[in-house]
Every structure is written in structure tokens, then in C-alpha cells.
$ cat upload_25.pdb   # PDB, N, CA and C atoms
MODEL        1
ATOM      1  N   MET A1328      56.201  19.164-120.755  1.00  0.00           N
ATOM      2  CA  MET A1328      57.084  19.270-119.605  1.00  0.00           C
ATOM      3  C   MET A1328      57.763  17.920-119.370  1.00  0.00           C
ATOM      4  N   VAL A1329      59.052  17.931-119.163  1.00  0.00           N
ATOM      5  CA  VAL A1329      59.806  16.717-118.921  1.00  0.00           C
ATOM      6  C   VAL A1329      59.699  16.342-117.441  1.00  0.00           C
ATOM      7  N   LEU A1330      59.379  15.089-117.200  1.00  0.00           N
ATOM      8  CA  LEU A1330      59.249  14.568-115.850  1.00  0.00           C
ATOM      9  C   LEU A1330      60.635  14.333-115.258  1.00  0.00           C
ATOM     10  N   THR A1331      60.782  14.614-113.979  1.00  0.00           N
ATOM     11  CA  THR A1331      62.062  14.388-113.312  1.00  0.00           C
ATOM     12  C   THR A1331      61.880  13.419-112.147  1.00  0.00           C
ATOM     13  N   VAL A1332      62.969  12.757-111.771  1.00  0.00           N
ATOM     14  CA  VAL A1332      62.940  11.848-110.626  1.00  0.00           C
ATOM     15  C   VAL A1332      62.584  12.631-109.363  1.00  0.00           C
ATOM     16  N   ARG A1333      63.078  13.842-109.243  1.00  0.00           N
ATOM     17  CA  ARG A1333      62.769  14.682-108.089  1.00  0.00           C
ATOM     18  C   ARG A1333      61.258  14.944-107.998  1.00  0.00           C
ATOM     19  N   GLN A1334      60.639  15.231-109.156  1.00  0.00           N
ATOM     20  CA  GLN A1334      59.195  15.475-109.187  1.00  0.00           C
ATOM     21  C   GLN A1334      58.425  14.208-108.799  1.00  0.00           C
ATOM     22  N   ILE A1335      58.871  13.052-109.301  1.00  0.00           N
ATOM     23  CA  ILE A1335      58.215  11.786-108.960  1.00  0.00           C
ATOM     24  C   ILE A1335      58.272  11.551-107.457  1.00  0.00           C
ATOM     25  N   ASN A1336      59.445  11.700-106.886  1.00  0.00           N
ATOM     26  CA  ASN A1336      59.625  11.434-105.454  1.00  0.00           C
ATOM     27  C   ASN A1336      58.907  12.453-104.577  1.00  0.00           C
ATOM     28  N   ALA A1337      58.737  13.667-105.056  1.00  0.00           N
ATOM     29  CA  ALA A1337      58.096  14.722-104.273  1.00  0.00           C
ATOM     30  C   ALA A1337      56.569  14.660-104.323  1.00  0.00           C
ATOM     31  N   THR A1338      56.022  13.985-105.335  1.00  0.00           N
ATOM     32  CA  THR A1338      54.564  13.923-105.478  1.00  0.00           C
ATOM     33  C   THR A1338      54.007  12.855-104.547  1.00  0.00           C
ATOM     34  N   LYS A1339      53.089  13.254-103.716  1.00  0.00           N
ATOM     35  CA  LYS A1339      52.501  12.364-102.714  1.00  0.00           C
ATOM     36  C   LYS A1339      51.163  11.818-103.204  1.00  0.00           C
ATOM     37  N   PRO A1340      50.782  10.619-102.731  1.00  0.00           N
ATOM     38  CA  PRO A1340      49.480  10.061-103.080  1.00  0.00           C
ATOM     39  C   PRO A1340      48.355  10.968-102.599  1.00  0.00           C
ATOM     40  N   ASP A1341      47.220  10.879-103.284  1.00  0.00           N
ATOM     41  CA  ASP A1341      46.044  11.659-102.942  1.00  0.00           C
ATOM     42  C   ASP A1341      44.867  10.691-102.844  1.00  0.00           C
ATOM     43  N   THR A1342      43.684  11.187-102.618  1.00  0.00           N
ATOM     44  CA  THR A1342      42.509  10.327-102.555  1.00  0.00           C
ATOM     45  C   THR A1342      42.112   9.829-103.947  1.00  0.00           C
ATOM     46  N   LYS A1343      42.594  10.504-104.989  1.00  0.00           N
ATOM     47  CA  LYS A1343      42.368  10.096-106.367  1.00  0.00           C
ATOM     48  C   LYS A1343      43.712   9.786-107.014  1.00  0.00           C
ATOM     49  N   ILE A1344      43.680   9.154-108.177  1.00  0.00           N
ATOM     50  CA  ILE A1344      44.910   8.857-108.901  1.00  0.00           C
ATOM     51  C   ILE A1344      45.540  10.157-109.376  1.00  0.00           C
ATOM     52  N   VAL A1345      46.835  10.309-109.121  1.00  0.00           N
ATOM     53  CA  VAL A1345      47.600  11.478-109.578  1.00  0.00           C
ATOM     54  C   VAL A1345      48.367  11.044-110.826  1.00  0.00           C
ATOM     55  N   THR A1346      48.264  11.821-111.901  1.00  0.00           N
ATOM     56  CA  THR A1346      48.940  11.489-113.149  1.00  0.00           C
ATOM     57  C   THR A1346      49.972  12.563-113.478  1.00  0.00           C
ATOM     58  N   LEU A1347      51.212  12.126-113.690  1.00  0.00           N
ATOM     59  CA  LEU A1347      52.299  13.016-114.107  1.00  0.00           C
ATOM     60  C   LEU A1347      52.676  12.626-115.531  1.00  0.00           C
ATOM     61  N   SER A1348      52.826  13.591-116.413  1.00  0.00           N
ATOM     62  CA  SER A1348      53.107  13.306-117.811  1.00  0.00           C
ATOM     63  C   SER A1348      54.518  13.711-118.196  1.00  0.00           C
ATOM     64  N   ASP A1349      55.143  12.866-119.011  1.00  0.00           N
ATOM     65  CA  ASP A1349      56.480  13.147-119.539  1.00  0.00           C
ATOM     66  C   ASP A1349      56.406  13.540-121.010  1.00  0.00           C
ATOM     67  N   GLY A1350      55.207  13.519-121.557  1.00  0.00           N
ATOM     68  CA  GLY A1350      55.040  13.832-122.972  1.00  0.00           C
ATOM     69  C   GLY A1350      55.130  12.597-123.833  1.00  0.00           C
ATOM     70  N   GLN A1351      54.674  12.692-125.063  1.00  0.00           N
ATOM     71  CA  GLN A1351      54.681  11.612-126.049  1.00  0.00           C
ATOM     72  C   GLN A1351      54.052  10.338-125.499  1.00  0.00           C
ATOM     73  N   GLY A1352      53.041  10.489-124.651  1.00  0.00           N
ATOM     74  CA  GLY A1352      52.280   9.336-124.182  1.00  0.00           C
ATOM     75  C   GLY A1352      52.801   8.642-122.948  1.00  0.00           C
ATOM     76  N   LEU A1353      53.913   9.077-122.383  1.00  0.00           N
ATOM     77  CA  LEU A1353      54.433   8.448-121.173  1.00  0.00           C
ATOM     78  C   LEU A1353      53.844   9.137-119.959  1.00  0.00           C
ATOM     79  N   GLU A1354      53.182   8.347-119.116  1.00  0.00           N
ATOM     80  CA  GLU A1354      52.578   8.881-117.901  1.00  0.00           C
ATOM     81  C   GLU A1354      52.953   8.017-116.707  1.00  0.00           C
ATOM     82  N   LEU A1355      53.066   8.648-115.579  1.00  0.00           N
ATOM     83  CA  LEU A1355      53.255   7.949-114.316  1.00  0.00           C
ATOM     84  C   LEU A1355      51.997   8.190-113.503  1.00  0.00           C
ATOM     85  N   ARG A1356      51.398   7.107-113.033  1.00  0.00           N
ATOM     86  CA  ARG A1356      50.201   7.224-112.204  1.00  0.00           C
ATOM     87  C   ARG A1356      50.546   6.850-110.781  1.00  0.00           C
ATOM     88  N   ILE A1357      50.180   7.728-109.857  1.00  0.00           N
ATOM     89  CA  ILE A1357      50.391   7.469-108.432  1.00  0.00           C
ATOM     90  C   ILE A1357      49.026   7.158-107.843  1.00  0.00           C
ATOM     91  N   LEU A1358      48.867   5.916-107.400  1.00  0.00           N
ATOM     92  CA  LEU A1358      47.593   5.445-106.881  1.00  0.00           C
ATOM     93  C   LEU A1358      47.390   5.912-105.446  1.00  0.00           C
ATOM     94  N   PRO A1359      46.136   5.954-104.979  1.00  0.00           N
ATOM     95  CA  PRO A1359      45.869   6.390-103.602  1.00  0.00           C
ATOM     96  C   PRO A1359      46.619   5.573-102.549  1.00  0.00           C
ATOM     97  N   ASN A1360      46.942   4.301-102.854  1.00  0.00           N
ATOM     98  CA  ASN A1360      47.681   3.473-101.902  1.00  0.00           C
ATOM     99  C   ASN A1360      49.190   3.731-101.956  1.00  0.00           C
ATOM    100  N   GLY A1361      49.625   4.667-102.827  1.00  0.00           N
ATOM    101  CA  GLY A1361      51.031   5.044-102.900  1.00  0.00           C
ATOM    102  C   GLY A1361      51.826   4.347-103.989  1.00  0.00           C
ATOM    103  N   LYS A1362      51.237   3.314-104.607  1.00  0.00           N
ATOM    104  CA  LYS A1362      51.963   2.627-105.683  1.00  0.00           C
ATOM    105  C   LYS A1362      52.100   3.551-106.876  1.00  0.00           C
ATOM    106  N   ARG A1363      53.255   3.466-107.539  1.00  0.00           N
ATOM    107  CA  ARG A1363      53.539   4.289-108.701  1.00  0.00           C
ATOM    108  C   ARG A1363      53.641   3.356-109.899  1.00  0.00           C
ATOM    109  N   ASN A1364      52.878   3.659-110.952  1.00  0.00           N
ATOM    110  CA  ASN A1364      52.809   2.787-112.107  1.00  0.00           C
ATOM    111  C   ASN A1364      52.996   3.580-113.388  1.00  0.00           C
ATOM    112  N   MET A1365      54.022   3.207-114.165  1.00  0.00           N
ATOM    113  CA  MET A1365      54.193   3.782-115.486  1.00  0.00           C
ATOM    114  C   MET A1365      53.368   2.914-116.424  1.00  0.00           C
ATOM    115  N   THR A1366      52.394   3.487-117.015  1.00  0.00           N
ATOM    116  CA  THR A1366      51.401   2.770-117.783  1.00  0.00           C
ATOM    117  C   THR A1366      52.029   1.719-118.692  1.00  0.00           C
ATOM    118  N   SER A1367      51.756   0.469-118.393  1.00  0.00           N
ATOM    119  CA  SER A1367      52.168  -0.711-119.151  1.00  0.00           C
ATOM    120  C   SER A1367      53.683  -0.854-119.336  1.00  0.00           C
ATOM    121  N   LEU A1368      54.459  -0.063-118.631  1.00  0.00           N
ATOM    122  CA  LEU A1368      55.913  -0.162-118.744  1.00  0.00           C
ATOM    123  C   LEU A1368      56.556  -0.712-117.476  1.00  0.00           C
ATOM    124  N   GLY A1369      55.810  -0.745-116.398  1.00  0.00           N
ATOM    125  CA  GLY A1369      56.338  -1.267-115.145  1.00  0.00           C
ATOM    126  C   GLY A1369      56.015  -0.360-113.984  1.00  0.00           C
ATOM    127  N   VAL A1370      56.500  -0.749-112.824  1.00  0.00           N
ATOM    128  CA  VAL A1370      56.223  -0.016-111.590  1.00  0.00           C
ATOM    129  C   VAL A1370      57.483   0.734-111.166  1.00  0.00           C
ATOM    130  N   TYR A1371      57.325   2.021-110.890  1.00  0.00           N
ATOM    131  CA  TYR A1371      58.437   2.835-110.410  1.00  0.00           C
ATOM    132  C   TYR A1371      58.631   2.547-108.930  1.00  0.00           C
ATOM    133  N   PRO A1372      59.797   2.338-108.441  1.00  0.00           N
ATOM    134  CA  PRO A1372      61.118   2.528-109.033  1.00  0.00           C
ATOM    135  C   PRO A1372      61.725   1.271-109.649  1.00  0.00           C
ATOM    136  N   ASP A1373      60.964   0.154-109.712  1.00  0.00           N
ATOM    137  CA  ASP A1373      61.507  -1.051-110.353  1.00  0.00           C
ATOM    138  C   ASP A1373      61.927  -0.763-111.789  1.00  0.00           C
ATOM    139  N   VAL A1374      61.159   0.091-112.470  1.00  0.00           N
ATOM    140  CA  VAL A1374      61.507   0.573-113.808  1.00  0.00           C
ATOM    141  C   VAL A1374      61.854   2.049-113.655  1.00  0.00           C
ATOM    142  N   SER A1375      63.095   2.393-113.951  1.00  0.00           N
ATOM    143  CA  SER A1375      63.526   3.784-113.782  1.00  0.00           C
ATOM    144  C   SER A1375      62.897   4.670-114.847  1.00  0.00           C
ATOM    145  N   LEU A1376      62.951   5.960-114.631  1.00  0.00           N
ATOM    146  CA  LEU A1376      62.430   6.923-115.599  1.00  0.00           C
ATOM    147  C   LEU A1376      63.159   6.774-116.935  1.00  0.00           C
ATOM    148  N   ALA A1377      64.465   6.593-116.893  1.00  0.00           N
ATOM    149  CA  ALA A1377      65.247   6.425-118.129  1.00  0.00           C
ATOM    150  C   ALA A1377      64.839   5.151-118.863  1.00  0.00           C
ATOM    151  N   GLU A1378      64.638   4.055-118.118  1.00  0.00           N
ATOM    152  CA  GLU A1378      64.205   2.801-118.743  1.00  0.00           C
ATOM    153  C   GLU A1378      62.821   2.950-119.369  1.00  0.00           C
ATOM    154  N   ALA A1379      61.923   3.658-118.697  1.00  0.00           N
ATOM    155  CA  ALA A1379      60.577   3.867-119.231  1.00  0.00           C
ATOM    156  C   ALA A1379      60.630   4.676-120.521  1.00  0.00           C
ATOM    157  N   ARG A1380      61.481   5.692-120.564  1.00  0.00           N
ATOM    158  CA  ARG A1380      61.620   6.489-121.787  1.00  0.00           C
ATOM    159  C   ARG A1380      62.152   5.635-122.929  1.00  0.00           C
ATOM    160  N   GLU A1381      63.111   4.761-122.626  1.00  0.00           N
ATOM    161  CA  GLU A1381      63.670   3.882-123.640  1.00  0.00           C
ATOM    162  C   GLU A1381      62.607   2.892-124.140  1.00  0.00           C
ATOM    163  N   LYS A1382      61.829   2.321-123.215  1.00  0.00           N
ATOM    164  CA  LYS A1382      60.754   1.408-123.608  1.00  0.00           C
ATOM    165  C   LYS A1382      59.711   2.121-124.463  1.00  0.00           C
ATOM    166  N   ARG A1383      59.400   3.375-124.101  1.00  0.00           N
ATOM    167  CA  ARG A1383      58.446   4.154-124.886  1.00  0.00           C
ATOM    168  C   ARG A1383      58.960   4.341-126.305  1.00  0.00           C
ATOM    169  N   ALA A1384      60.229   4.713-126.439  1.00  0.00           N
ATOM    170  CA  ALA A1384      60.815   4.933-127.764  1.00  0.00           C
ATOM    171  C   ALA A1384      60.797   3.640-128.579  1.00  0.00           C
ATOM    172  N   ASP A1385      61.132   2.516-127.948  1.00  0.00           N
ATOM    173  CA  ASP A1385      61.098   1.218-128.638  1.00  0.00           C
ATOM    174  C   ASP A1385      59.685   0.880-129.088  1.00  0.00           C
ATOM    175  N   SER A1386      58.705   1.146-128.225  1.00  0.00           N
ATOM    176  CA  SER A1386      57.304   0.854-128.559  1.00  0.00           C
ATOM    177  C   SER A1386      56.839   1.692-129.746  1.00  0.00           C
ATOM    178  N   ILE A1387      57.205   2.966-129.759  1.00  0.00           N
ATOM    179  CA  ILE A1387      56.821   3.847-130.862  1.00  0.00           C
ATOM    180  C   ILE A1387      57.454   3.363-132.168  1.00  0.00           C
ATOM    181  N   THR A1388      58.720   2.985-132.114  1.00  0.00           N
ATOM    182  CA  THR A1388      59.416   2.494-133.304  1.00  0.00           C
ATOM    183  C   THR A1388      58.759   1.225-133.821  1.00  0.00           C
ATOM    184  N   ARG A1389      58.451   0.283-132.925  1.00  0.00           N
ATOM    185  CA  ARG A1389      57.798  -0.966-133.342  1.00  0.00           C
ATOM    186  C   ARG A1389      56.418  -0.700-133.920  1.00  0.00           C
ATOM    187  N   TYR A1390      55.663   0.202-133.302  1.00  0.00           N
ATOM    188  CA  TYR A1390      54.329   0.534-133.791  1.00  0.00           C
ATOM    189  C   TYR A1390      54.400   1.116-135.196  1.00  0.00           C
ATOM    190  N   ARG A1391      55.312   2.049-135.392  1.00  0.00           N
ATOM    191  CA  ARG A1391      55.432   2.703-136.703  1.00  0.00           C
ATOM    192  C   ARG A1391      55.861   1.713-137.782  1.00  0.00           C
ATOM    193  N   SER A1392      56.684   0.734-137.437  1.00  0.00           N
ATOM    194  CA  SER A1392      57.152  -0.230-138.435  1.00  0.00           C
ATOM    195  C   SER A1392      56.078  -1.255-138.791  1.00  0.00           C
ATOM    196  N   CYS A1393      55.054  -1.397-137.957  1.00  0.00           N
ATOM    197  CA  CYS A1393      53.995  -2.392-138.184  1.00  0.00           C
ATOM    198  C   CYS A1393      52.708  -1.799-138.720  1.00  0.00           C
ATOM    199  N   ARG A1394      52.630  -0.471-138.804  1.00  0.00           N
ATOM    200  CA  ARG A1394      51.376   0.166-139.240  1.00  0.00           C
ATOM    201  C   ARG A1394      51.015  -0.257-140.655  1.00  0.00           C
ATOM    202  N   VAL A1395      49.745  -0.478-140.837  1.00  0.00           N
ATOM    203  CA  VAL A1395      49.213  -0.806-142.152  1.00  0.00           C
ATOM    204  C   VAL A1395      48.144   0.229-142.461  1.00  0.00           C
ATOM    205  N   GLU A1396      48.207   0.814-143.634  1.00  0.00           N
ATOM    206  CA  GLU A1396      47.189   1.799-144.003  1.00  0.00           C
ATOM    207  C   GLU A1396      45.894   1.061-144.337  1.00  0.00           C
ATOM    208  N   VAL A1397      44.818   1.524-143.737  1.00  0.00           N
ATOM    209  CA  VAL A1397      43.514   0.915-143.925  1.00  0.00           C
ATOM    210  C   VAL A1397      42.707   1.765-144.906  1.00  0.00           C
ATOM    211  N   GLY A1398      41.919   1.109-145.745  1.00  0.00           N
ATOM    212  CA  GLY A1398      41.021   1.833-146.631  1.00  0.00           C
ATOM    213  C   GLY A1398      41.563   2.125-148.016  1.00  0.00           C
ATOM    214  N   ARG A1399      42.659   1.538-148.360  1.00  0.00           N
ATOM    215  CA  ARG A1399      43.209   1.767-149.707  1.00  0.00           C
ATOM    216  C   ARG A1399      42.970   0.574-150.568  1.00  0.00           C
TER     217      ARG A1399
ENDMDL
END
$ encode --input "upload_25.pdb" --output "C-alpha cells"
Amino acid sequence: MVLTVRQINATKPDTKIVTLSDGQGLELRILPNGKRNMTSLGVYPDVSLAEAREKRADSITRYRSCRVEVGR
């Protein structure tokens, strides 16, 4: 399921951490104190959803270019 800005803004903090997923490893965590954190990509809304998706894509590309096969 693709995450939307409307969904982010509509989701309220709870007594536990609320996690919203955008797929391919991108998650937004809403902490009980109301802070919204995109895992290791920044804090929403300082980092927009579009910027987080772009950072995720860059991270995946860099990871794939640096992989070394182990055990050969």
C-alpha cells in the first residue's frame, strides 16, 4: 500500500508507536509524544514523503552497487 500525506496527517499518536508502511522498507513511525520519524531518513514534515522516497531509492542503489558476495 502506498503511503499518502493525507494518511500521515490523519494518523494520530497512540500509547504505543504507530508504524505506517510505504513498501520497500520505507516506514513512518509516529511516537506516543506525536513526533513522526521516517526511519533514518529524517523527521516528517522536515523531510517530505517525496524526499523520503527519493532517499530510499538512492540508498537501495548505493547498497546494490556495494554488495560483495560472501562465501565464494
$ atom_distance --input "upload_25.pdb" --atom1 "atom CA of A:Ile1357" --atom2 "atom C of A:Glu1381"
20.4 Å
$ select_by_dssp --input "upload_25.pdb" --residues "chain A" --states "strand (DSSP E)" --output "PyMOL selection string"
chain A and resi 1345-1350+1353-1357+1363-1365+1369-1371
$ write_last_selection --input "upload_25.pdb" --atoms "N, CA and C atoms" --output "compact mmCIF listing (two decimals), in the frame of the given file"
# COMPACT_ATOMS: atom_id res chain seq x y z
N VAL A 1345 46.84 10.31 -109.12
CA VAL A 1345 47.60 11.48 -109.58
C VAL A 1345 48.37 11.04 -110.83
N THR A 1346 48.26 11.82 -111.90
CA THR A 1346 48.94 11.49 -113.15
C THR A 1346 49.97 12.56 -113.48
N LEU A 1347 51.21 12.13 -113.69
CA LEU A 1347 52.30 13.02 -114.11
C LEU A 1347 52.68 12.63 -115.53
N SER A 1348 52.83 13.59 -116.41
CA SER A 1348 53.11 13.31 -117.81
C SER A 1348 54.52 13.71 -118.20
N ASP A 1349 55.14 12.87 -119.01
CA ASP A 1349 56.48 13.15 -119.54
C ASP A 1349 56.41 13.54 -121.01
N GLY A 1350 55.21 13.52 -121.56
CA GLY A 1350 55.04 13.83 -122.97
C GLY A 1350 55.13 12.60 -123.83
N LEU A 1353 53.91 9.08 -122.38
CA LEU A 1353 54.43 8.45 -121.17
C LEU A 1353 53.84 9.14 -119.96
N GLU A 1354 53.18 8.35 -119.12
CA GLU A 1354 52.58 8.88 -117.90
C GLU A 1354 52.95 8.02 -116.71
N LEU A 1355 53.07 8.65 -115.58
CA LEU A 1355 53.26 7.95 -114.32
C LEU A 1355 52.00 8.19 -113.50
N ARG A 1356 51.40 7.11 -113.03
CA ARG A 1356 50.20 7.22 -112.20
C ARG A 1356 50.55 6.85 -110.78
N ILE A 1357 50.18 7.73 -109.86
CA ILE A 1357 50.39 7.47 -108.43
C ILE A 1357 49.03 7.16 -107.84
N ARG A 1363 53.26 3.47 -107.54
CA ARG A 1363 53.54 4.29 -108.70
C ARG A 1363 53.64 3.36 -109.90
N ASN A 1364 52.88 3.66 -110.95
CA ASN A 1364 52.81 2.79 -112.11
C ASN A 1364 53.00 3.58 -113.39
N MET A 1365 54.02 3.21 -114.16
CA MET A 1365 54.19 3.78 -115.49
C MET A 1365 53.37 2.91 -116.42
N GLY A 1369 55.81 -0.74 -116.40
CA GLY A 1369 56.34 -1.27 -115.14
C GLY A 1369 56.02 -0.36 -113.98
N VAL A 1370 56.50 -0.75 -112.82
CA VAL A 1370 56.22 -0.02 -111.59
C VAL A 1370 57.48 0.73 -111.17
N TYR A 1371 57.32 2.02 -110.89
CA TYR A 1371 58.44 2.84 -110.41
C TYR A 1371 58.63 2.55 -108.93
$ residues_around --input "upload_25.pdb" --residues "A:Val1345" --least-positions-apart "2" --cutoff "7 Å" --atoms "only N, CA and C atoms" --output "tab-separated table (two decimals) with N, CA and C atoms, keeping the file's coordinate frame"
chain	number	residue	atom	x	y	z
A	1340	PRO	N	50.78	10.62	-102.73
A	1340	PRO	CA	49.48	10.06	-103.08
A	1340	PRO	C	48.36	10.97	-102.60
A	1341	ASP	N	47.22	10.88	-103.28
A	1341	ASP	CA	46.04	11.66	-102.94
A	1341	ASP	C	44.87	10.69	-102.84
A	1343	LYS	N	42.59	10.50	-104.99
A	1343	LYS	CA	42.37	10.10	-106.37
A	1343	LYS	C	43.71	9.79	-107.01
A	1347	LEU	N	51.21	12.13	-113.69
A	1347	LEU	CA	52.30	13.02	-114.11
A	1347	LEU	C	52.68	12.63	-115.53
A	1355	LEU	N	53.07	8.65	-115.58
A	1355	LEU	CA	53.26	7.95	-114.32
A	1355	LEU	C	52.00	8.19	-113.50
A	1356	ARG	N	51.40	7.11	-113.03
A	1356	ARG	CA	50.20	7.22	-112.20
A	1356	ARG	C	50.55	6.85	-110.78
A	1357	ILE	N	50.18	7.73	-109.86
A	1357	ILE	CA	50.39	7.47	-108.43
A	1357	ILE	C	49.03	7.16	-107.84
A	1358	LEU	N	48.87	5.92	-107.40
A	1358	LEU	CA	47.59	5.44	-106.88
A	1358	LEU	C	47.39	5.91	-105.45
A	1359	PRO	N	46.14	5.95	-104.98
A	1359	PRO	CA	45.87	6.39	-103.60
A	1359	PRO	C	46.62	5.57	-102.55
$ atom_distance --input "upload_25.pdb" --atom1 "atom N of A:Cys1393" --atom2 "atom N of A:Leu1368"
19.4 Å
$ resolve_selection --input "upload_25.pdb" --expression "the PyMOL selection byres (((chain A and resi 1336 and name CA) around 12) and name CA)" --output "PDB file with N, CA and C atoms, in the coordinates of the input"
ATOM      1  N   LEU A1330      59.379  15.089-117.200  1.00  0.00           N
ATOM      2  CA  LEU A1330      59.249  14.568-115.850  1.00  0.00           C
ATOM      3  C   LEU A1330      60.635  14.333-115.258  1.00  0.00           C
ATOM      4  N   THR A1331      60.782  14.614-113.979  1.00  0.00           N
ATOM      5  CA  THR A1331      62.062  14.388-113.312  1.00  0.00           C
ATOM      6  C   THR A1331      61.880  13.419-112.147  1.00  0.00           C
ATOM      7  N   VAL A1332      62.969  12.757-111.771  1.00  0.00           N
ATOM      8  CA  VAL A1332      62.940  11.848-110.626  1.00  0.00           C
ATOM      9  C   VAL A1332      62.584  12.631-109.363  1.00  0.00           C
ATOM     10  N   ARG A1333      63.078  13.842-109.243  1.00  0.00           N
ATOM     11  CA  ARG A1333      62.769  14.682-108.089  1.00  0.00           C
ATOM     12  C   ARG A1333      61.258  14.944-107.998  1.00  0.00           C
ATOM     13  N   GLN A1334      60.639  15.231-109.156  1.00  0.00           N
ATOM     14  CA  GLN A1334      59.195  15.475-109.187  1.00  0.00           C
ATOM     15  C   GLN A1334      58.425  14.208-108.799  1.00  0.00           C
ATOM     16  N   ILE A1335      58.871  13.052-109.301  1.00  0.00           N
ATOM     17  CA  ILE A1335      58.215  11.786-108.960  1.00  0.00           C
ATOM     18  C   ILE A1335      58.272  11.551-107.457  1.00  0.00           C
ATOM     19  N   ALA A1337      58.737  13.667-105.056  1.00  0.00           N
ATOM     20  CA  ALA A1337      58.096  14.722-104.273  1.00  0.00           C
ATOM     21  C   ALA A1337      56.569  14.660-104.323  1.00  0.00           C
ATOM     22  N   THR A1338      56.022  13.985-105.335  1.00  0.00           N
ATOM     23  CA  THR A1338      54.564  13.923-105.478  1.00  0.00           C
ATOM     24  C   THR A1338      54.007  12.855-104.547  1.00  0.00           C
ATOM     25  N   LYS A1339      53.089  13.254-103.716  1.00  0.00           N
ATOM     26  CA  LYS A1339      52.501  12.364-102.714  1.00  0.00           C
ATOM     27  C   LYS A1339      51.163  11.818-103.204  1.00  0.00           C
ATOM     28  N   PRO A1340      50.782  10.619-102.731  1.00  0.00           N
ATOM     29  CA  PRO A1340      49.480  10.061-103.080  1.00  0.00           C
ATOM     30  C   PRO A1340      48.355  10.968-102.599  1.00  0.00           C
ATOM     31  N   LEU A1347      51.212  12.126-113.690  1.00  0.00           N
ATOM     32  CA  LEU A1347      52.299  13.016-114.107  1.00  0.00           C
ATOM     33  C   LEU A1347      52.676  12.626-115.531  1.00  0.00           C
ATOM     34  N   LEU A1355      53.066   8.648-115.579  1.00  0.00           N
ATOM     35  CA  LEU A1355      53.255   7.949-114.316  1.00  0.00           C
ATOM     36  C   LEU A1355      51.997   8.190-113.503  1.00  0.00           C
ATOM     37  N   ILE A1357      50.180   7.728-109.857  1.00  0.00           N
ATOM     38  CA  ILE A1357      50.391   7.469-108.432  1.00  0.00           C
ATOM     39  C   ILE A1357      49.026   7.158-107.843  1.00  0.00           C
ATOM     40  N   GLY A1361      49.625   4.667-102.827  1.00  0.00           N
ATOM     41  CA  GLY A1361      51.031   5.044-102.900  1.00  0.00           C
ATOM     42  C   GLY A1361      51.826   4.347-103.989  1.00  0.00           C
ATOM     43  N   LYS A1362      51.237   3.314-104.607  1.00  0.00           N
ATOM     44  CA  LYS A1362      51.963   2.627-105.683  1.00  0.00           C
ATOM     45  C   LYS A1362      52.100   3.551-106.876  1.00  0.00           C
ATOM     46  N   ARG A1363      53.255   3.466-107.539  1.00  0.00           N
ATOM     47  CA  ARG A1363      53.539   4.289-108.701  1.00  0.00           C
ATOM     48  C   ARG A1363      53.641   3.356-109.899  1.00  0.00           C
ATOM     49  N   TYR A1371      57.325   2.021-110.890  1.00  0.00           N
ATOM     50  CA  TYR A1371      58.437   2.835-110.410  1.00  0.00           C
ATOM     51  C   TYR A1371      58.631   2.547-108.930  1.00  0.00           C
ATOM     52  N   PRO A1372      59.797   2.338-108.441  1.00  0.00           N
ATOM     53  CA  PRO A1372      61.118   2.528-109.033  1.00  0.00           C
ATOM     54  C   PRO A1372      61.725   1.271-109.649  1.00  0.00           C
ATOM     55  N   SER A1375      63.095   2.393-113.951  1.00  0.00           N
ATOM     56  CA  SER A1375      63.526   3.784-113.782  1.00  0.00           C
ATOM     57  C   SER A1375      62.897   4.670-114.847  1.00  0.00           C
ATOM     58  N   LEU A1376      62.951   5.960-114.631  1.00  0.00           N
ATOM     59  CA  LEU A1376      62.430   6.923-115.599  1.00  0.00           C
ATOM     60  C   LEU A1376      63.159   6.774-116.935  1.00  0.00           C
TER      61      LEU A1376
END
$ select_by_dssp --input "upload_25.pdb" --residues "chain A" --states "helix (DSSP H, G or I)" --output "list of chain:residue names"
A:Val1332, A:Arg1333, A:Gln1334, A:Ile1335, A:Asn1336, A:Ala1337, A:Leu1376, A:Ala1377, A:Glu1378, A:Ala1379, A:Arg1380, A:Glu1381, A:Lys1382, A:Arg1383, A:Ala1384, A:Asp1385, A:Ser1386, A:Ile1387, A:Thr1388, A:Arg1389, A:Tyr1390, A:Arg1391, A:Ser1392, A:Cys1393
$ axis_aligned_box --input "upload_25.pdb" --around "stretch 1383-1392 of chain A" --padding-each-side "6 Å" --output "AutoDock Vina command-line options"
--center_x 57.7 --center_y 1.8 --center_z -131.4 --size_x 18.8 --size_y 18.2 --size_z 26.7
$ atom_distance --input "upload_25.pdb" --atom1 "atom N of A:Ser1386" --atom2 "atom CA of A:Ile1344"
25.0 Å
$ resolve_selection --input "upload_25.pdb" --expression "the PyMOL selection byres (((chain A and resi 1379 and name CA) around 10) and name CA)" --output "ChimeraX atom specification"
/A:1353-1355,1365-1371,1374-1378,1380-1385
$ closest_residue --input "upload_25.pdb" --among "A:Asn1364, A:Gly1350, A:Ser1392, A:Asp1373" --to "A:Val1329" --atoms "only N, CA and C atoms"
A:Gly1350
$ decode --input "upload_25.pdb" --residues "stretch 1387-1393 of chain A" --atoms "N, CA and C atoms" --output "short mmCIF file (atom, residue, chain, number, x, y, z; two decimals), in the first residue's frame"
data_model
loop_
_atom_site.label_atom_id
_atom_site.label_comp_id
_atom_site.auth_asym_id
_atom_site.auth_seq_id
_atom_site.Cartn_x
_atom_site.Cartn_y
_atom_site.Cartn_z
N ILE A 1387 18.99 2.29 -1.75
CA ILE A 1387 18.92 0.97 -2.37
C ILE A 1387 19.95 0.86 -3.50
N THR A 1388 20.05 1.89 -4.31
CA THR A 1388 21.01 1.90 -5.42
C THR A 1388 22.44 1.80 -4.89
N ARG A 1389 22.76 2.59 -3.86
CA ARG A 1389 24.11 2.55 -3.28
C ARG A 1389 24.40 1.19 -2.67
N TYR A 1390 23.43 0.61 -1.97
CA TYR A 1390 23.61 -0.70 -1.36
C TYR A 1390 23.89 -1.75 -2.42
N ARG A 1391 23.11 -1.74 -3.47
CA ARG A 1391 23.27 -2.75 -4.53
C ARG A 1391 24.62 -2.61 -5.23
N SER A 1392 25.12 -1.39 -5.37
CA SER A 1392 26.39 -1.19 -6.06
C SER A 1392 27.59 -1.58 -5.19
N CYS A 1393 27.39 -1.68 -3.88
CA CYS A 1393 28.48 -2.00 -2.95
C CYS A 1393 28.47 -3.44 -2.47
#
